[in-house]
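Asks: Below is entry16.cif; it holds mmCIF, C-alpha atoms.
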```
data_final
loop_
_atom_site.group_PDB
_atom_site.id
_atom_site.type_symbol
_atom_site.label_atom_id
_atom_site.label_comp_id
_atom_site.auth_asym_id
_atom_site.auth_seq_id
_atom_site.Cartn_x
_atom_site.Cartn_y
_atom_site.Cartn_z
ATOM 1 C CA MET A 5 4.955 20.120 4.022
ATOM 2 C CA GLY A 6 7.158 19.441 7.000
ATOM 3 C CA GLN A 7 9.240 16.311 6.776
ATOM 4 C CA SER A 8 10.574 14.608 9.886
ATOM 5 C CA GLN A 9 14.293 14.104 10.056
ATOM 6 C CA ALA A 10 14.268 10.823 11.977
ATOM 7 C CA LYS A 11 16.601 8.259 10.456
ATOM 8 C CA HIS A 12 16.871 4.489 10.754
ATOM 9 C CA LYS A 13 20.013 2.432 10.964
ATOM 10 C CA PRO A 14 21.047 0.512 7.842
ATOM 11 C CA LYS A 15 18.782 -2.434 7.208
ATOM 12 C CA PRO A 16 20.049 -5.944 7.931
ATOM 13 C CA LYS A 17 20.371 -8.096 4.836
ATOM 14 C CA ALA A 18 17.763 -10.677 5.892
ATOM 15 C CA ARG A 19 14.635 -10.344 3.731
ATOM 16 C CA HIS A 20 11.641 -12.520 2.819
ATOM 17 C CA ALA A 21 13.034 -15.991 2.749
ATOM 18 C CA ALA A 22 11.047 -18.841 3.315
ATOM 19 C CA ALA A 23 1.597 -1.373 -11.500
ATOM 20 C CA GLN A 24 -16.239 20.442 -26.652
ATOM 21 C CA GLU A 25 -15.903 21.209 -22.518
ATOM 22 C CA GLU A 26 -17.921 18.292 -21.214
ATOM 23 C CA GLU A 27 -16.391 15.934 -23.743
ATOM 24 C CA GLU A 28 -12.926 17.299 -23.052
ATOM 25 C CA GLU A 29 -13.396 16.842 -19.328
ATOM 26 C CA GLN A 30 -14.631 13.299 -19.885
ATOM 27 C CA GLN A 31 -11.670 12.571 -22.134
ATOM 28 C CA ARG A 32 -9.211 13.803 -19.532
ATOM 29 C CA GLY A 33 -10.879 11.559 -16.978
ATOM 30 C CA ASP A 34 -10.697 8.569 -19.301
ATOM 31 C CA ASP A 35 -7.021 9.217 -20.068
ATOM 32 C CA LEU A 36 -5.955 8.037 -16.627
ATOM 33 C CA ALA A 37 -7.524 4.657 -17.218
ATOM 34 C CA LYS A 38 -5.835 4.070 -20.560
ATOM 35 C CA PRO A 39 -2.478 2.296 -20.494
ATOM 36 C CA GLY A 40 0.120 4.455 -22.135
ATOM 37 C CA ALA A 41 -2.210 7.445 -22.468
ATOM 38 C CA THR A 42 -0.915 10.947 -21.941
ATOM 39 C CA THR A 43 -2.772 14.019 -20.742
ATOM 40 C CA GLU A 44 -2.601 17.423 -22.420
ATOM 41 C CA ALA A 45 -0.457 18.702 -19.592
ATOM 42 C CA ARG A 46 1.985 16.554 -17.643
ATOM 43 C CA GLY A 47 0.416 15.339 -14.405
ATOM 44 C CA ARG A 48 -2.892 17.203 -14.956
ATOM 45 C CA ALA A 49 -5.627 16.190 -12.522
ATOM 46 C CA PRO A 50 -8.639 14.442 -14.039
ATOM 47 C CA PRO A 51 -12.146 15.623 -13.087
ATOM 48 C CA ALA A 52 -13.335 14.817 -9.576
ATOM 49 C CA GLN A 53 -15.490 11.788 -8.851
ATOM 50 C CA ALA A 54 -18.954 12.083 -7.293
ATOM 51 C CA ALA A 55 -17.589 10.717 -4.036
ATOM 52 C CA ALA A 56 -14.063 10.475 -2.687
ATOM 53 C CA MET A 57 -12.620 6.986 -2.471
ATOM 54 C CA ASP A 58 -11.610 5.417 0.813
ATOM 55 C CA THR A 59 -7.995 4.399 1.326
ATOM 56 C CA PHE A 60 -6.884 1.009 2.627
ATOM 57 C CA PHE A 61 -4.048 -0.720 4.418
ATOM 58 C CA LEU A 62 -3.705 -4.370 3.442
ATOM 59 C CA SER A 63 -1.632 -6.937 5.298
ATOM 60 C CA HIS A 64 -0.438 -9.174 2.479
ATOM 61 C CA GLY A 65 1.549 -11.530 4.717
ATOM 62 C CA SER A 66 3.325 -14.416 3.041
ATOM 63 C CA PRO A 67 3.731 -14.679 -0.757
ATOM 64 C CA THR A 68 1.968 -18.057 -0.486
ATOM 65 C CA LEU A 69 -1.241 -16.018 -0.157
ATOM 66 C CA SER A 70 -1.187 -16.297 -3.964
ATOM 67 C CA ILE A 71 -1.856 -20.062 -3.980
ATOM 68 C CA ASP A 72 -2.701 -21.295 -0.474
ATOM 69 C CA ASP A 73 -6.448 -21.563 0.200
ATOM 70 C CA THR A 74 -5.792 -22.400 3.853
ATOM 71 C CA ILE A 75 -4.720 -18.796 4.521
ATOM 72 C CA PRO A 76 -7.863 -17.055 5.857
ATOM 73 C CA ALA A 77 -6.889 -13.667 4.421
ATOM 74 C CA ARG A 78 -6.965 -15.135 0.898
ATOM 75 C CA HIS A 79 -10.747 -15.456 1.162
ATOM 76 C CA PHE A 80 -11.019 -11.853 2.355
ATOM 77 C CA PHE A 81 -9.094 -10.588 -0.670
ATOM 78 C CA LYS A 82 -11.139 -12.777 -3.043
ATOM 79 C CA SER A 83 -14.348 -11.277 -1.593
ATOM 80 C CA TRP A 84 -13.180 -7.721 -2.398
ATOM 81 C CA LEU A 85 -15.135 -7.290 -5.647
ATOM 82 C CA PRO A 86 -18.252 -9.320 -4.731
ATOM 83 C CA ALA A 87 -18.544 -7.441 -1.430
ATOM 84 C CA ARG A 88 -17.858 -4.076 -3.135
ATOM 85 C CA VAL A 89 -15.390 -3.226 -0.397
ATOM 86 C CA ALA A 90 -14.009 -0.226 -2.301
ATOM 87 C CA GLY A 91 -17.416 0.926 -3.551
ATOM 88 C CA ASP A 92 -19.921 0.181 -6.315
ATOM 89 C CA GLN A 93 -17.742 1.552 -9.107
ATOM 90 C CA PRO A 94 -14.261 0.230 -9.920
ATOM 91 C CA PRO A 95 -11.417 2.692 -9.436
ATOM 92 C CA ARG A 96 -10.048 4.540 -12.458
ATOM 93 C CA ALA A 97 -6.562 3.492 -11.395
ATOM 94 C CA ILE A 98 -4.737 2.063 -8.373
ATOM 95 C CA LEU A 99 -1.727 3.461 -6.536
ATOM 96 C CA VAL A 100 0.051 0.849 -4.416
ATOM 97 C CA VAL A 101 2.560 1.755 -1.723
ATOM 98 C CA SER A 102 4.321 -1.528 -1.040
ATOM 99 C CA GLY A 103 6.758 -2.510 1.667
ATOM 100 C CA HIS A 104 8.811 -4.243 -1.019
ATOM 101 C CA TRP A 105 10.038 -1.107 -2.770
ATOM 102 C CA GLU A 106 12.517 0.932 -0.729
ATOM 103 C CA THR A 107 14.382 3.941 -2.123
ATOM 104 C CA ALA A 108 16.317 6.852 -0.654
ATOM 105 C CA THR A 109 13.808 9.367 -2.093
ATOM 106 C CA PRO A 110 10.290 8.789 -3.477
ATOM 107 C CA GLU A 111 10.033 6.993 -6.800
ATOM 108 C CA VAL A 112 7.105 6.054 -9.037
ATOM 109 C CA ASN A 113 7.078 3.441 -11.764
ATOM 110 C CA VAL A 114 5.989 5.013 -15.058
ATOM 111 C CA ILE A 115 4.959 2.079 -17.219
ATOM 112 C CA ARG A 116 3.400 2.412 -20.681
ATOM 113 C CA GLY A 117 1.950 -0.946 -21.576
ATOM 114 C CA SER A 118 1.561 -3.857 -19.165
ATOM 115 C CA ASN A 119 3.339 -4.147 -15.833
ATOM 116 C CA ASP A 120 5.817 -6.979 -15.462
ATOM 117 C CA THR A 121 5.304 -9.406 -12.570
ATOM 118 C CA ILE A 122 8.249 -9.316 -10.155
ATOM 119 C CA TYR A 123 9.058 -12.519 -8.254
ATOM 120 C CA ASP A 124 10.843 -10.919 -5.319
ATOM 121 C CA PHE A 125 10.821 -14.010 -3.107
ATOM 122 C CA TYR A 126 12.940 -17.144 -2.910
ATOM 123 C CA GLY A 127 12.492 -20.835 -2.139
ATOM 124 C CA PHE A 128 8.735 -20.998 -2.659
ATOM 125 C CA PRO A 129 6.696 -23.558 -4.673
ATOM 126 C CA LYS A 130 7.356 -23.433 -8.430
ATOM 127 C CA PRO A 131 3.736 -22.657 -9.410
ATOM 128 C CA MET A 132 4.112 -19.259 -7.720
ATOM 129 C CA TYR A 133 6.770 -18.287 -10.263
ATOM 130 C CA GLN A 134 4.373 -19.039 -13.123
ATOM 131 C CA LEU A 135 1.687 -16.619 -11.943
ATOM 132 C CA LYS A 136 1.260 -13.410 -13.958
ATOM 133 C CA TYR A 137 -0.562 -10.166 -13.215
ATOM 134 C CA PRO A 138 -0.211 -8.080 -16.403
ATOM 135 C CA ALA A 139 -2.216 -5.061 -15.248
ATOM 136 C CA PRO A 140 -1.734 -2.011 -17.458
ATOM 137 C CA GLY A 141 0.590 0.644 -16.181
ATOM 138 C CA ALA A 142 -0.793 4.009 -15.074
ATOM 139 C CA PRO A 143 1.754 6.533 -16.346
ATOM 140 C CA ASP A 144 -0.543 9.542 -15.917
ATOM 141 C CA LEU A 145 -1.270 8.552 -12.327
ATOM 142 C CA ALA A 146 2.443 8.126 -11.722
ATOM 143 C CA LEU A 147 3.132 11.640 -13.033
ATOM 144 C CA ARG A 148 0.202 13.065 -11.054
ATOM 145 C CA THR A 149 1.613 11.417 -7.919
ATOM 146 C CA LYS A 150 5.007 12.889 -8.648
ATOM 147 C CA GLU A 151 3.456 16.328 -9.163
ATOM 148 C CA LEU A 152 1.551 16.236 -5.856
ATOM 149 C CA LEU A 153 4.566 15.080 -3.886
ATOM 150 C CA GLU A 154 6.916 17.663 -5.361
ATOM 151 C CA GLN A 155 4.381 20.440 -4.761
ATOM 152 C CA ALA A 156 4.317 19.355 -1.095
ATOM 153 C CA GLY A 157 8.109 19.423 -0.758
ATOM 154 C CA PHE A 158 8.842 15.721 -1.148
ATOM 155 C CA GLY A 159 10.886 16.087 -4.314
ATOM 156 C CA PRO A 160 12.711 15.353 -6.321
ATOM 157 C CA VAL A 161 10.581 12.318 -7.163
ATOM 158 C CA LYS A 162 12.327 9.920 -9.518
ATOM 159 C CA GLU A 163 10.700 8.003 -12.362
ATOM 160 C CA ASP A 164 11.400 4.318 -12.943
ATOM 161 C CA HIS A 165 10.432 3.297 -16.471
ATOM 162 C CA SER A 166 11.131 -0.437 -16.199
ATOM 163 C CA ARG A 167 10.044 -1.668 -12.760
ATOM 164 C CA GLY A 168 6.889 -3.782 -12.714
ATOM 165 C CA LEU A 169 4.759 -4.839 -9.741
ATOM 166 C CA ASP A 170 6.369 -6.507 -6.719
ATOM 167 C CA HIS A 171 4.523 -9.204 -4.812
ATOM 168 C CA GLY A 172 3.265 -6.692 -2.242
ATOM 169 C CA ALA A 173 1.179 -5.311 -5.116
ATOM 170 C CA TRP A 174 0.360 -8.166 -7.475
ATOM 171 C CA VAL A 175 -0.391 -10.899 -4.926
ATOM 172 C CA PRO A 176 -3.316 -9.101 -3.230
ATOM 173 C CA LEU A 177 -4.413 -7.460 -6.512
ATOM 174 C CA MET A 178 -4.670 -10.763 -8.371
ATOM 175 C CA LEU A 179 -7.226 -11.833 -5.756
ATOM 176 C CA MET A 180 -8.999 -8.450 -5.487
ATOM 177 C CA TYR A 181 -9.134 -7.540 -9.203
ATOM 178 C CA PRO A 182 -8.454 -10.858 -10.981
ATOM 179 C CA ASP A 183 -9.114 -9.514 -14.506
ATOM 180 C CA ALA A 184 -5.989 -7.334 -14.228
ATOM 181 C CA ASP A 185 -7.758 -4.622 -16.239
ATOM 182 C CA ILE A 186 -7.306 -1.627 -13.922
ATOM 183 C CA PRO A 187 -4.175 0.518 -14.423
ATOM 184 C CA VAL A 188 -1.696 0.214 -11.550
ATOM 185 C CA CYS A 189 1.405 2.109 -10.508
ATOM 186 C CA GLN A 190 3.579 1.930 -7.404
ATOM 187 C CA LEU A 191 5.183 4.432 -5.057
ATOM 188 C CA SER A 192 8.226 3.542 -2.958
ATOM 189 C CA VAL A 193 8.839 3.969 0.775
ATOM 190 C CA GLN A 194 11.857 5.569 2.451
ATOM 191 C CA THR A 195 12.959 3.343 5.306
ATOM 192 C CA ASP A 196 15.519 5.811 6.635
ATOM 193 C CA ARG A 197 12.675 8.198 7.475
ATOM 194 C CA ASP A 198 9.896 7.849 10.077
ATOM 195 C CA GLY A 199 6.157 7.355 10.368
ATOM 196 C CA THR A 200 5.380 11.075 10.462
ATOM 197 C CA TYR A 201 7.214 11.592 7.168
ATOM 198 C CA HIS A 202 5.143 8.879 5.495
ATOM 199 C CA TYR A 203 1.895 10.152 7.051
ATOM 200 C CA ASN A 204 2.604 13.624 5.629
ATOM 201 C CA LEU A 205 3.557 12.079 2.303
ATOM 202 C CA GLY A 206 0.129 10.424 2.320
ATOM 203 C CA ARG A 207 -1.564 13.750 3.084
ATOM 204 C CA ALA A 208 -0.009 15.167 -0.075
ATOM 205 C CA LEU A 209 -1.718 12.387 -2.049
ATOM 206 C CA ALA A 210 -5.223 13.092 -0.656
ATOM 207 C CA PRO A 211 -6.460 14.773 -3.905
ATOM 208 C CA LEU A 212 -6.132 11.417 -5.676
ATOM 209 C CA ARG A 213 -9.140 10.116 -3.756
ATOM 210 C CA GLU A 214 -11.304 12.722 -5.531
ATOM 211 C CA GLU A 215 -9.935 11.610 -8.902
ATOM 212 C CA GLY A 216 -11.096 8.010 -8.888
ATOM 213 C CA VAL A 217 -7.796 6.623 -7.626
ATOM 214 C CA LEU A 218 -7.695 3.791 -5.101
ATOM 215 C CA VAL A 219 -4.776 4.338 -2.721
ATOM 216 C CA LEU A 220 -3.573 1.070 -1.179
ATOM 217 C CA GLY A 221 -0.865 0.610 1.424
ATOM 218 C CA SER A 222 0.378 -2.971 1.292
ATOM 219 C CA GLY A 223 2.489 -4.339 4.135
ATOM 220 C CA SER A 224 1.839 -6.248 7.356
ATOM 221 C CA ALA A 225 0.403 -5.262 10.724
ATOM 222 C CA THR A 226 3.223 -7.277 12.299
ATOM 223 C CA HIS A 227 6.363 -8.303 10.425
ATOM 224 C CA ASN A 228 9.139 -10.037 12.309
ATOM 225 C CA LEU A 229 10.186 -12.927 10.097
ATOM 226 C CA ARG A 230 12.674 -14.247 12.632
ATOM 227 C CA LYS A 231 9.951 -14.785 15.204
ATOM 228 C CA MET A 232 7.476 -16.647 13.020
ATOM 229 C CA GLY A 233 6.373 -20.075 14.202
ATOM 230 C CA PRO A 234 4.495 -23.069 12.820
ATOM 231 C CA SER A 235 0.955 -22.406 11.641
ATOM 232 C CA GLY A 236 -1.527 -23.191 14.379
ATOM 233 C CA SER A 237 0.863 -22.095 17.112
ATOM 234 C CA PRO A 238 -0.441 -19.679 19.754
ATOM 235 C CA VAL A 239 -0.011 -15.996 18.964
ATOM 236 C CA PRO A 240 2.889 -14.711 21.100
ATOM 237 C CA GLN A 241 2.122 -11.998 23.621
ATOM 238 C CA TRP A 242 4.252 -9.323 21.942
ATOM 239 C CA ALA A 243 2.414 -9.768 18.616
ATOM 240 C CA ALA A 244 -1.052 -9.811 20.187
ATOM 241 C CA GLU A 245 -0.357 -6.717 22.283
ATOM 242 C CA PHE A 246 1.048 -4.693 19.387
ATOM 243 C CA ASP A 247 -1.780 -5.768 17.082
ATOM 244 C CA THR A 248 -4.418 -4.795 19.665
ATOM 245 C CA TRP A 249 -2.699 -1.472 20.364
ATOM 246 C CA LEU A 250 -2.665 -0.672 16.648
ATOM 247 C CA LYS A 251 -6.365 -1.434 16.249
ATOM 248 C CA GLU A 252 -7.318 0.714 19.243
ATOM 249 C CA ALA A 253 -5.047 3.600 18.211
ATOM 250 C CA LEU A 254 -6.466 3.642 14.676
ATOM 251 C CA ILE A 255 -10.102 3.364 15.725
ATOM 252 C CA ASP A 256 -9.628 6.041 18.402
ATOM 253 C CA GLY A 257 -8.018 8.361 15.835
ATOM 254 C CA ARG A 258 -4.683 8.562 17.675
ATOM 255 C CA HIS A 259 -2.684 9.237 14.538
ATOM 256 C CA GLU A 260 0.224 10.820 16.368
ATOM 257 C CA ASP A 261 0.620 7.663 18.414
ATOM 258 C CA VAL A 262 0.611 5.554 15.261
ATOM 259 C CA ASN A 263 3.170 7.871 13.656
ATOM 260 C CA ARG A 264 5.410 7.494 16.693
ATOM 261 C CA TYR A 265 4.733 3.799 17.210
ATOM 262 C CA GLU A 266 8.338 2.917 18.025
ATOM 263 C CA GLU A 267 8.148 4.860 21.277
ATOM 264 C CA ARG A 268 4.418 4.631 22.042
ATOM 265 C CA ALA A 269 3.395 1.120 21.060
ATOM 266 C CA PRO A 270 4.103 -1.980 23.122
ATOM 267 C CA HIS A 271 6.799 -4.080 21.433
ATOM 268 C CA GLY A 272 7.023 -1.691 18.459
ATOM 269 C CA LYS A 273 10.559 -2.675 17.517
ATOM 270 C CA VAL A 274 9.786 -6.362 17.954
ATOM 271 C CA ALA A 275 6.687 -6.191 15.771
ATOM 272 C CA HIS A 276 8.606 -4.226 13.140
ATOM 273 C CA PRO A 277 12.388 -4.609 13.438
ATOM 274 C CA TRP A 278 12.514 -2.809 10.097
ATOM 275 C CA PRO A 279 9.714 -0.388 9.148
ATOM 276 C CA ASP A 280 9.266 -1.248 5.467
ATOM 277 C CA HIS A 281 6.010 -3.173 5.972
ATOM 278 C CA PHE A 282 4.497 -0.605 8.354
ATOM 279 C CA TYR A 283 5.097 2.661 6.490
ATOM 280 C CA PRO A 284 2.507 1.806 3.807
ATOM 281 C CA LEU A 285 -0.089 2.088 6.595
ATOM 282 C CA HIS A 286 1.075 5.614 7.407
ATOM 283 C CA VAL A 287 0.749 6.650 3.768
ATOM 284 C CA ALA A 288 -2.784 5.244 3.435
ATOM 285 C CA LEU A 289 -3.776 6.818 6.762
ATOM 286 C CA GLY A 290 -2.375 10.205 5.799
ATOM 287 C CA ALA A 291 -4.101 10.117 2.407
ATOM 288 C CA ALA A 292 -7.467 9.728 4.169
ATOM 289 C CA GLY A 293 -6.894 12.827 6.307
ATOM 290 C CA GLU A 294 -6.671 13.812 9.927
ATOM 291 C CA GLY A 295 -10.366 13.282 10.717
ATOM 292 C CA CYS A 296 -10.697 9.916 8.997
ATOM 293 C CA ARG A 297 -12.509 6.966 10.494
ATOM 294 C CA ALA A 298 -10.697 3.624 10.680
ATOM 295 C CA GLU A 299 -12.455 0.290 10.281
ATOM 296 C CA LEU A 300 -10.922 -3.146 10.771
ATOM 297 C CA LEU A 301 -11.983 -5.139 7.694
ATOM 298 C CA HIS A 302 -10.192 -8.411 8.288
ATOM 299 C CA HIS A 303 -8.168 -10.014 11.031
ATOM 300 C CA SER A 304 -6.366 -13.343 11.059
ATOM 301 C CA TRP A 305 -2.976 -14.859 11.812
ATOM 302 C CA THR A 306 -0.556 -17.296 10.199
ATOM 303 C CA ASN A 307 2.869 -18.517 11.277
ATOM 304 C CA ALA A 308 1.977 -17.648 14.894
ATOM 305 C CA SER A 309 3.013 -13.999 14.721
ATOM 306 C CA LEU A 310 2.090 -12.737 11.246
ATOM 307 C CA SER A 311 -1.023 -10.543 11.493
ATOM 308 C CA TYR A 312 -3.197 -10.015 8.440
ATOM 309 C CA ALA A 313 -5.119 -7.100 10.000
ATOM 310 C CA SER A 314 -6.415 -4.908 7.166
ATOM 311 C CA TYR A 315 -8.097 -1.514 7.500
ATOM 312 C CA ARG A 316 -10.339 0.913 5.646
ATOM 313 C CA PHE A 317 -9.826 4.681 6.201
ATOM 314 C CA THR A 318 -12.859 6.860 5.433
ATOM 315 C CA THR A 319 -12.676 10.637 5.416
ATOM 316 C CA ASN A 320 -15.275 12.272 7.642
ATOM 317 C CA LYS A 321 -17.421 14.764 5.744
#
```
For this file, produce the structure as structure tokens.

Replies:
Amino acid sequence: MGQSQAKHKPKPKARHAAAQEEEEEQQRGDDLAKPGATTEARGRAPPAQAAAMDTFFLSHGSPTLSIDDTIPARHFFKSWLPARVAGDQPPRAILVVSGHWETATPEVNVIRGSNDTIYDFYGFPKPMYQLKYPAPGAPDLALRTKELLEQAGFGPVKEDHSRGLDHGAWVPLMLMYPDADIPVCQLSVQTDRDGTYHYNLGRALAPLREEGVLVLGSGSATHNLRKMGPSGSPVPQWAAEFDTWLKEALIDGRHEDVNRYEERAPHGKVAHPWPDHFYPLHVALGAAGEGCRAELLHHSWTNASLSYASYRFTTNK
């Protein structure tokens, strides 16, 4: 699959301050859900589900989402299971594309056993560093992801056998699936590439939706940490205009505009000085397909300019 050659300048160092036939077929399907399980053939696809799963982009915002009940988005994430946002049946496994894992080429974490909880943030309240989300790893999903990406020309895809879940994964997941009983693996983003690259990468992952896998992009609709303000402050014009443009572009199906947001969106480089928290959206959008329908599931703000806009992408039949 064609990969865009657009590059980004090196990232500034500033970061966030503040995981007989019918029986055989059933067994192969169950394998994906078992931590540490292996399939008969490396990366083999499990049987298809009755209905393809939707994909989602989640704005996870501040790490304090994990403990702060005053953040409106926290209540949205906690309603995920009761409201059956992702469907009546739980996913067999979850693939998270997080803005907090950047690599030069795609990588997946292949964890057999429980995922470690990564505290990739600094200077926050101590109780946040005591939280755990020991979801089982999803090694078969990781290898299936690797297989799909390499078949589409995105290889070589590296395997990381020690990395757990960063807060872009475990913070929303601990609210969405609090029992931590669904296997999880992560896929990295490549911040020296562009939106089109990540959209096409997502398209390569589309078969996962038919295999009971929930594909989640976790980032932020707007993410300029240097322009955040006190909570309760008015939303600045640049943030409101970019956020509105994104909603309209997604709902209208203008995927090319979203892929080329830096040149087509108002205040694109202000809303995302670095693209790490936006590329997960492109992956989730691409995984849903060209004719998908976008739905805004939640919208709120904190710190004046941090949008928690979260979207569902449903493939049109």

Asks: Show me as a list of chain:residue names the residues that reach within 10 Å of (7.1, -8.1, -11.8), counting all atoms listed in the file and using the file's own coordinates.

Replies: A:Ala23, A:Asn119, A:Asp120, A:Thr121, A:Ile122, A:Tyr123, A:Asp124, A:Lys136, A:Tyr137, A:Pro138, A:Ser166, A:Arg167, A:Gly168, A:Leu169, A:Asp170, A:His171, A:Ala173, A:Trp174

Asks: To one decimal in Å, tell me the separation between atom CA of Gly159 of chain A and atom CA of Pro110 of chain A.

Replies: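 One can read the atom CA of Gly159 of chain A to atom CA of Pro110 of chain A distance as 7.4 Å.
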
Asks: Please build the interface table for segment 196-215 of chain A against segment 88-99 of chain A with a cut-off of 12 Å, listing for each qualifying residue the nearest atom pair and the distance in Å to one decimal; count all atoms listed in the file, order rows by chain and increasing number, and write it as a Markdown table.

Replies:
```
| residue | atom | partner | partner_atom | distance |
| --- | --- | --- | --- | --- |
| A:Gly206 | CA | A:Leu99 | CA | 11.4 |
| A:Leu209 | CA | A:Leu99 | CA | 10.0 |
| A:Ala210 | CA | A:Leu99 | CA | 11.8 |
| A:Leu212 | CA | A:Leu99 | CA | 9.1 |
| A:Arg213 | CA | A:Pro95 | CA | 9.6 |
| A:Glu214 | CA | A:Pro95 | CA | 10.8 |
| A:Glu215 | CA | A:Arg96 | CA | 7.9 |
```

Asks: Could you pull the residues within 8 Å of Ala108 of chain A, counting all atoms listed in the file, minus those fewer than 6 positions along the same chain, as an MDAnalysis selection string?

Replies: chainID A and resid 194:196

Asks: In Å, rounded to a single decimal, give me how far atom CA of Ile71 of chain A is from atom CA of Pro182 of chain A.

Replies: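 We find that atom CA of Pro182 of chain A and atom CA of Ile71 of chain A lie 13.3 Å from each other.
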